[in-house]
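Quick look at query.cif (mmCIF, C-alpha atoms):
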data_coords
loop_
_atom_site.group_PDB
_atom_site.id
_atom_site.type_symbol
_atom_site.label_atom_id
_atom_site.label_comp_id
_atom_site.auth_asym_id
_atom_site.auth_seq_id
_atom_site.Cartn_x
_atom_site.Cartn_y
_atom_site.Cartn_z
ATOM 1 C CA MET A 209 92.499 109.826 100.362
ATOM 2 C CA ALA A 210 89.997 111.574 98.149
ATOM 3 C CA ASP A 211 90.549 109.033 95.370
ATOM 4 C CA GLU A 212 89.528 106.120 97.607
ATOM 5 C CA ALA A 213 85.828 106.986 97.627
ATOM 6 C CA PRO A 214 85.432 107.133 93.818
ATOM 7 C CA PHE A 215 87.203 103.764 93.460
ATOM 8 C CA GLN A 216 84.896 102.142 96.003
ATOM 9 C CA PHE A 217 81.866 103.765 94.378
ATOM 10 C CA LEU A 218 82.947 102.582 90.919
ATOM 11 C CA HIS A 219 83.561 99.067 92.262
ATOM 12 C CA ASN A 220 80.100 98.948 93.862
ATOM 13 C CA GLU A 221 78.441 100.259 90.701
ATOM 14 C CA LEU A 222 80.298 97.681 88.610
ATOM 15 C CA ILE A 223 78.960 94.896 90.827
ATOM 16 C CA GLN A 224 75.430 96.307 90.757
ATOM 17 C CA TYR A 225 75.524 96.678 86.961
ATOM 18 C CA ILE A 226 76.674 93.107 86.361
ATOM 19 C CA TYR A 227 74.330 91.569 88.929
ATOM 20 C CA LYS A 228 71.320 93.608 87.814
ATOM 21 C CA SER A 229 70.837 91.303 84.833
ATOM 22 C CA ALA A 230 71.197 88.141 86.927
ATOM 23 C CA GLU A 231 67.806 86.646 87.553
ATOM 24 C CA ASN A 232 68.701 83.211 88.794
ATOM 25 C CA GLU A 233 71.436 81.461 90.728
ATOM 26 C CA THR A 234 72.980 79.789 87.667
ATOM 27 C CA GLU A 235 74.136 83.176 86.358
ATOM 28 C CA ASN A 236 76.022 83.868 89.598
ATOM 29 C CA GLY A 237 79.121 81.996 88.435
ATOM 30 C CA ARG A 238 79.025 83.764 85.091
ATOM 31 C CA ASN A 239 78.826 87.134 86.838
ATOM 32 C CA LEU A 240 81.789 86.307 89.062
ATOM 33 C CA THR A 241 83.736 85.388 85.918
ATOM 34 C CA LYS A 242 82.814 88.716 84.299
ATOM 35 C CA LEU A 243 84.017 90.635 87.352
ATOM 36 C CA GLU A 244 87.247 88.649 87.466
ATOM 37 C CA ASN A 245 87.896 89.213 83.757
ATOM 38 C CA ILE A 246 87.428 92.965 84.157
ATOM 39 C CA GLY A 247 89.850 92.900 87.095
ATOM 40 C CA PHE A 248 92.300 90.838 85.033
ATOM 41 C CA ARG A 249 92.475 93.490 82.321
ATOM 42 C CA VAL A 250 92.803 96.323 84.847
ATOM 43 C CA GLY A 251 95.584 94.426 86.645
ATOM 44 C CA GLN A 252 97.466 93.953 83.380
ATOM 45 C CA GLY A 253 97.346 97.651 82.560
ATOM 46 C CA LEU A 254 98.165 98.817 86.053
ATOM 47 C CA ILE A 255 101.206 96.584 86.459
ATOM 48 C CA GLU A 256 102.595 97.860 83.152
ATOM 49 C CA ARG A 257 102.604 101.395 84.526
ATOM 50 C CA LEU A 258 104.002 100.396 87.914
ATOM 51 C CA THR A 259 106.916 98.342 86.590
ATOM 52 C CA LYS A 260 108.015 100.454 83.621
ATOM 53 C CA ASP A 261 111.088 101.736 85.533
ATOM 54 C CA THR A 262 111.616 98.639 87.706
ATOM 55 C CA ALA A 263 114.415 96.136 87.247
ATOM 56 C CA ARG A 264 113.538 92.531 86.442
ATOM 57 C CA PHE A 265 112.503 90.349 89.355
ATOM 58 C CA LYS A 266 114.813 87.498 90.394
ATOM 59 C CA ASP A 267 112.132 84.947 91.209
ATOM 60 C CA GLU A 268 108.444 84.538 91.946
ATOM 61 C CA LEU A 269 108.935 85.424 95.622
ATOM 62 C CA ASP A 270 110.226 88.859 94.596
ATOM 63 C CA VAL A 271 107.209 89.231 92.302
ATOM 64 C CA MET A 272 104.861 88.384 95.169
ATOM 65 C CA LYS A 273 106.624 90.842 97.482
ATOM 66 C CA PHE A 274 106.158 93.541 94.838
ATOM 67 C CA ILE A 275 102.457 92.670 94.579
ATOM 68 C CA CYS A 276 102.063 92.804 98.373
ATOM 69 C CA LYS A 277 103.897 96.072 98.857
ATOM 70 C CA ASP A 278 103.863 98.333 95.807
ATOM 71 C CA PHE A 279 100.900 97.021 93.808
ATOM 72 C CA TRP A 280 98.579 96.669 96.821
ATOM 73 C CA THR A 281 99.612 100.110 98.096
ATOM 74 C CA CYS A 282 98.845 101.643 94.708
ATOM 75 C CA VAL A 283 95.360 100.124 94.578
ATOM 76 C CA PHE A 284 94.269 99.988 98.240
ATOM 77 C CA LYS A 285 96.530 102.590 99.929
ATOM 78 C CA LYS A 286 98.071 100.013 102.267
ATOM 79 C CA GLN A 287 100.312 96.968 102.112
ATOM 80 C CA ILE A 288 99.139 93.397 102.538
ATOM 81 C CA ASP A 289 99.138 92.544 106.238
ATOM 82 C CA ASN A 290 100.620 89.069 105.869
ATOM 83 C CA LEU A 291 102.257 87.029 103.101
ATOM 84 C CA ARG A 292 102.772 83.309 103.616
ATOM 85 C CA THR A 293 104.165 80.682 101.301
ATOM 86 C CA ASN A 294 104.856 76.970 101.330
ATOM 87 C CA HIS A 295 107.809 77.533 98.939
ATOM 88 C CA GLN A 296 106.109 75.212 96.446
ATOM 89 C CA GLY A 297 104.139 77.775 94.466
ATOM 90 C CA ILE A 298 101.306 78.605 96.871
ATOM 91 C CA TYR A 299 101.108 82.055 98.439
ATOM 92 C CA VAL A 300 98.484 83.384 100.840
ATOM 93 C CA LEU A 301 97.996 87.145 100.983
ATOM 94 C CA GLN A 302 96.047 88.279 104.027
ATOM 95 C CA ASP A 303 94.414 91.695 104.344
ATOM 96 C CA ASN A 304 92.946 92.211 107.810
ATOM 97 C CA LYS A 305 90.908 95.263 106.798
ATOM 98 C CA PHE A 306 90.082 94.874 103.118
ATOM 99 C CA ARG A 307 88.688 98.197 101.921
ATOM 100 C CA LEU A 308 86.167 96.775 99.459
ATOM 101 C CA LEU A 309 84.498 94.780 102.248
ATOM 102 C CA GLY A 310 84.444 97.725 104.641
ATOM 103 C CA GLN A 311 81.006 98.927 103.576
ATOM 104 C CA LEU A 312 79.495 95.537 104.360
ATOM 105 C CA SER A 313 78.595 94.619 107.902
ATOM 106 C CA ALA A 314 81.344 93.365 110.178
ATOM 107 C CA GLY A 315 79.029 90.538 111.196
ATOM 108 C CA LYS A 316 78.316 87.272 109.445
ATOM 109 C CA GLN A 317 74.969 88.186 107.875
ATOM 110 C CA TYR A 318 76.591 89.422 104.640
ATOM 111 C CA LEU A 319 79.215 86.682 104.388
ATOM 112 C CA GLU A 320 77.489 85.074 101.392
ATOM 113 C CA GLN A 321 77.751 88.413 99.511
ATOM 114 C CA ALA A 322 81.543 88.602 99.950
ATOM 115 C CA PRO A 323 82.602 86.605 96.838
ATOM 116 C CA LYS A 324 81.173 89.165 94.450
ATOM 117 C CA TYR A 325 83.138 91.909 96.221
ATOM 118 C CA LEU A 326 86.356 89.889 95.910
ATOM 119 C CA ALA A 327 86.122 88.601 92.319
ATOM 120 C CA PHE A 328 87.416 91.851 90.781
ATOM 121 C CA THR A 329 90.443 91.816 93.099
ATOM 122 C CA CYS A 330 91.203 88.165 92.298
ATOM 123 C CA GLY A 331 91.279 89.126 88.622
ATOM 124 C CA LEU A 332 93.364 92.207 89.425
ATOM 125 C CA VAL A 333 96.077 90.106 91.075
ATOM 126 C CA ARG A 334 95.934 87.402 88.403
ATOM 127 C CA GLY A 335 96.226 90.007 85.617
ATOM 128 C CA ALA A 336 99.180 91.714 87.289
ATOM 129 C CA LEU A 337 100.965 88.390 87.748
ATOM 130 C CA SER A 338 100.181 87.378 84.179
ATOM 131 C CA ASN A 339 101.844 90.502 82.820
ATOM 132 C CA LEU A 340 104.884 89.749 84.963
ATOM 133 C CA GLY A 341 105.138 86.306 83.347
ATOM 134 C CA VAL A 342 103.631 84.345 86.233
ATOM 135 C CA LYS A 343 100.647 82.158 85.358
ATOM 136 C CA SER A 344 98.437 81.665 88.397
ATOM 137 C CA ILE A 345 95.052 80.817 89.855
ATOM 138 C CA VAL A 346 93.805 83.305 92.452
ATOM 139 C CA THR A 347 91.012 82.462 94.883
ATOM 140 C CA SER A 348 89.643 84.303 97.891
ATOM 141 C CA GLU A 349 88.223 83.388 101.261
ATOM 142 C CA VAL A 350 86.469 85.340 103.999
ATOM 143 C CA SER A 351 85.794 83.966 107.449
ATOM 144 C CA VAL A 352 85.362 87.200 109.432
ATOM 145 C CA MET A 353 84.678 90.477 107.662
ATOM 146 C CA PRO A 354 86.385 92.742 106.681
ATOM 147 C CA ALA A 355 89.430 90.430 106.770
ATOM 148 C CA CYS A 356 90.085 88.242 103.743
ATOM 149 C CA LYS A 357 92.719 85.959 102.278
ATOM 150 C CA PHE A 358 93.754 85.609 98.672
ATOM 151 C CA GLN A 359 95.381 82.310 97.720
ATOM 152 C CA VAL A 360 97.701 82.458 94.712
ATOM 153 C CA MET A 361 98.656 79.130 93.151
ATOM 154 C CA ILE A 362 101.513 79.522 90.708
ATOM 155 C CA GLN A 363 101.175 77.247 87.707
ATOM 156 C CA LYS A 364 104.436 75.856 86.399
ATOM 157 C CA LEU A 365 104.757 75.699 82.650
#

So, in terms of C-alpha cells, how does the structure I just supplied come out?
Amino acid sequence: MADEAPFQFLHNELIQYIYKSAENETENGRNLTKLENIGFRVGQGLIERLTKDTARFKDELDVMKFICKDFWTCVFKKQIDNLRTNHQGIYVLQDNKFRLLGQLSAGKQYLEQAPKYLAFTCGLVRGALSNLGVKSIVTSEVSVMPACKFQVMIQKL
C-alpha cells in the first residue's frame, strides 16, 4: 500500500492550497465547489480507464454496484461497506473507515472540518457516474469519524 500515502498527502495538500487563499467564511462554499470540480474531472478520467474493457451496465443499480466495488477499490483500496437504496433513485454509500478522514481525530472536535475532506470524493463519484451516463447529485454526511455516508440522488432526464 505504498501508493496510499502519496494519494493522502496529495489530497491534504490540495485542500491546504485551496483553503490558503480563503480569508473569510463566504469563500468556504466556493472552495468546496473547487474541490468538488477537481474531483469531478478526476472521476471522469478514472472511470474511462476502469471501464474500457467492461460490458455495458444493465441499469443504474449495476452502475452503483460497480462504483461500490471496483471504483472504490481502485481509489481507496477497499469496497464500500454498505450500499442502500430506496429503488427510486437514491443510493446511500457507507464507508465505516474512510481513509481520507483517518488522519483527523476520531472524536467530534474536528467534525466541522470534515466537509472539506469529503468534497473531492463527492466530485469523484459524481464525475464517474456522469461518464457512465448517470446524472446525479452527490452529498456527504459524517456523524462519527472516520465513518461517512455519501448520498447519491439520480436525476432523471

Given all atoms listed in the file as the basis, pick out the residue of A:Phe328, A:Val346, A:Lys364, A:Phe274 nearest to A:Asn239.
A:Phe328

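Going from atom CA of A:Cys330 over to atom CA of A:Thr347, you cover 6.3 Å.
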
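The spacing separating atom CA of A:Ile246 from atom CA of A:Lys228 amounts to 16.5 Å.
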
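Residues lying within 9 Å of A:Leu258, counting only C-alpha atoms and ignoring same-chain neighbours fewer than 3 positions away, are A:Gly253, A:Leu254, A:Ile255, A:Asp261, A:Thr262, A:Asp278, A:Phe279, A:Cys282.
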
Selection near stretch 222-224 of chain A, 8 Å with all atoms listed in the file, sequence-local residues under 4 positions removed, as a PyMOL selection string
chain A and resi 218+228+243+324-325

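Note that atom CA of A:Pro354 and atom CA of A:Leu309 are 5.2 Å apart.
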
Step by step: start from the point (83.1, 97.9, 96.5) in the file's coordinates, keep every protein, DNA or RNA residue that has an atom no farther than 9 Å from it, count all atoms listed in the file, and write the set as a PDB file with C-alpha atoms, keeping the file's coordinate frame.
ATOM      1  CA  PHE A 215      87.203 103.764  93.460  1.00  0.00           C
ATOM      2  CA  GLN A 216      84.896 102.142  96.003  1.00  0.00           C
ATOM      3  CA  PHE A 217      81.866 103.765  94.378  1.00  0.00           C
ATOM      4  CA  LEU A 218      82.947 102.582  90.919  1.00  0.00           C
ATOM      5  CA  HIS A 219      83.561  99.067  92.262  1.00  0.00           C
ATOM      6  CA  ASN A 220      80.100  98.948  93.862  1.00  0.00           C
ATOM      7  CA  GLU A 221      78.441 100.259  90.701  1.00  0.00           C
ATOM      8  CA  LEU A 222      80.298  97.681  88.610  1.00  0.00           C
ATOM      9  CA  ILE A 223      78.960  94.896  90.827  1.00  0.00           C
ATOM     10  CA  ARG A 307      88.688  98.197 101.921  1.00  0.00           C
ATOM     11  CA  LEU A 308      86.167  96.775  99.459  1.00  0.00           C
ATOM     12  CA  LEU A 309      84.498  94.780 102.248  1.00  0.00           C
ATOM     13  CA  GLY A 310      84.444  97.725 104.641  1.00  0.00           C
ATOM     14  CA  GLN A 311      81.006  98.927 103.576  1.00  0.00           C
ATOM     15  CA  LEU A 312      79.495  95.537 104.360  1.00  0.00           C
ATOM     16  CA  TYR A 325      83.138  91.909  96.221  1.00  0.00           C
ATOM     17  CA  LEU A 326      86.356  89.889  95.910  1.00  0.00           C
TER      18      LEU A 326
END

Taking the file as I've supplied it (selection: the PyMOL selection byres ((chain A and resi 292-297) around 6)), which residues are included? Please answer as a PyMOL selection string.
chain A and resi 291+298-300+361-362

Starting from the point (99.3, 89.2, 104.4), work out which residues of protein, DNA or RNA have an atom no more than 12 Å away when counting all atoms listed in the file; state them as a tab-separated table (two decimals) with C-alpha atoms, in the frame of the given file.
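Result went into out.tsv, see below:
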chain	number	residue	atom	x	y	z
A	272	MET	CA	104.86	88.38	95.17
A	273	LYS	CA	106.62	90.84	97.48
A	275	ILE	CA	102.46	92.67	94.58
A	276	CYS	CA	102.06	92.80	98.37
A	277	LYS	CA	103.90	96.07	98.86
A	280	TRP	CA	98.58	96.67	96.82
A	286	LYS	CA	98.07	100.01	102.27
A	287	GLN	CA	100.31	96.97	102.11
A	288	ILE	CA	99.14	93.40	102.54
A	289	ASP	CA	99.14	92.54	106.24
A	290	ASN	CA	100.62	89.07	105.87
A	291	LEU	CA	102.26	87.03	103.10
A	292	ARG	CA	102.77	83.31	103.62
A	293	THR	CA	104.16	80.68	101.30
A	299	TYR	CA	101.11	82.06	98.44
A	300	VAL	CA	98.48	83.38	100.84
A	301	LEU	CA	98.00	87.14	100.98
A	302	GLN	CA	96.05	88.28	104.03
A	303	ASP	CA	94.41	91.70	104.34
A	304	ASN	CA	92.95	92.21	107.81
A	305	LYS	CA	90.91	95.26	106.80
A	306	PHE	CA	90.08	94.87	103.12
A	355	ALA	CA	89.43	90.43	106.77
A	356	CYS	CA	90.08	88.24	103.74
A	357	LYS	CA	92.72	85.96	102.28
A	358	PHE	CA	93.75	85.61	98.67
A	359	GLN	CA	95.38	82.31	97.72
A	360	VAL	CA	97.70	82.46	94.71

As an NGL selection string, please: the residues near A:Gln252 (cut-off 8 Å, all atoms listed in the file, same-chain neighbours under 5 positions excluded).
:A and (332 or 335-339)

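Counting all atoms listed in the file and comparing A:Asn236, A:Val342, A:Gly247, A:Pro214, the residue that lies closest to A:Gln321 is A:Asn236.
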
Check the smallest atom-to-atom distance from each of A:Ala213, A:Val350, A:Ala263, A:Leu240 to A:Ala322 using all atoms listed in the file, then report the winner.
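Among A:Ala213, A:Val350, A:Ala263, A:Leu240, it is A:Val350 that comes nearest to A:Ala322.
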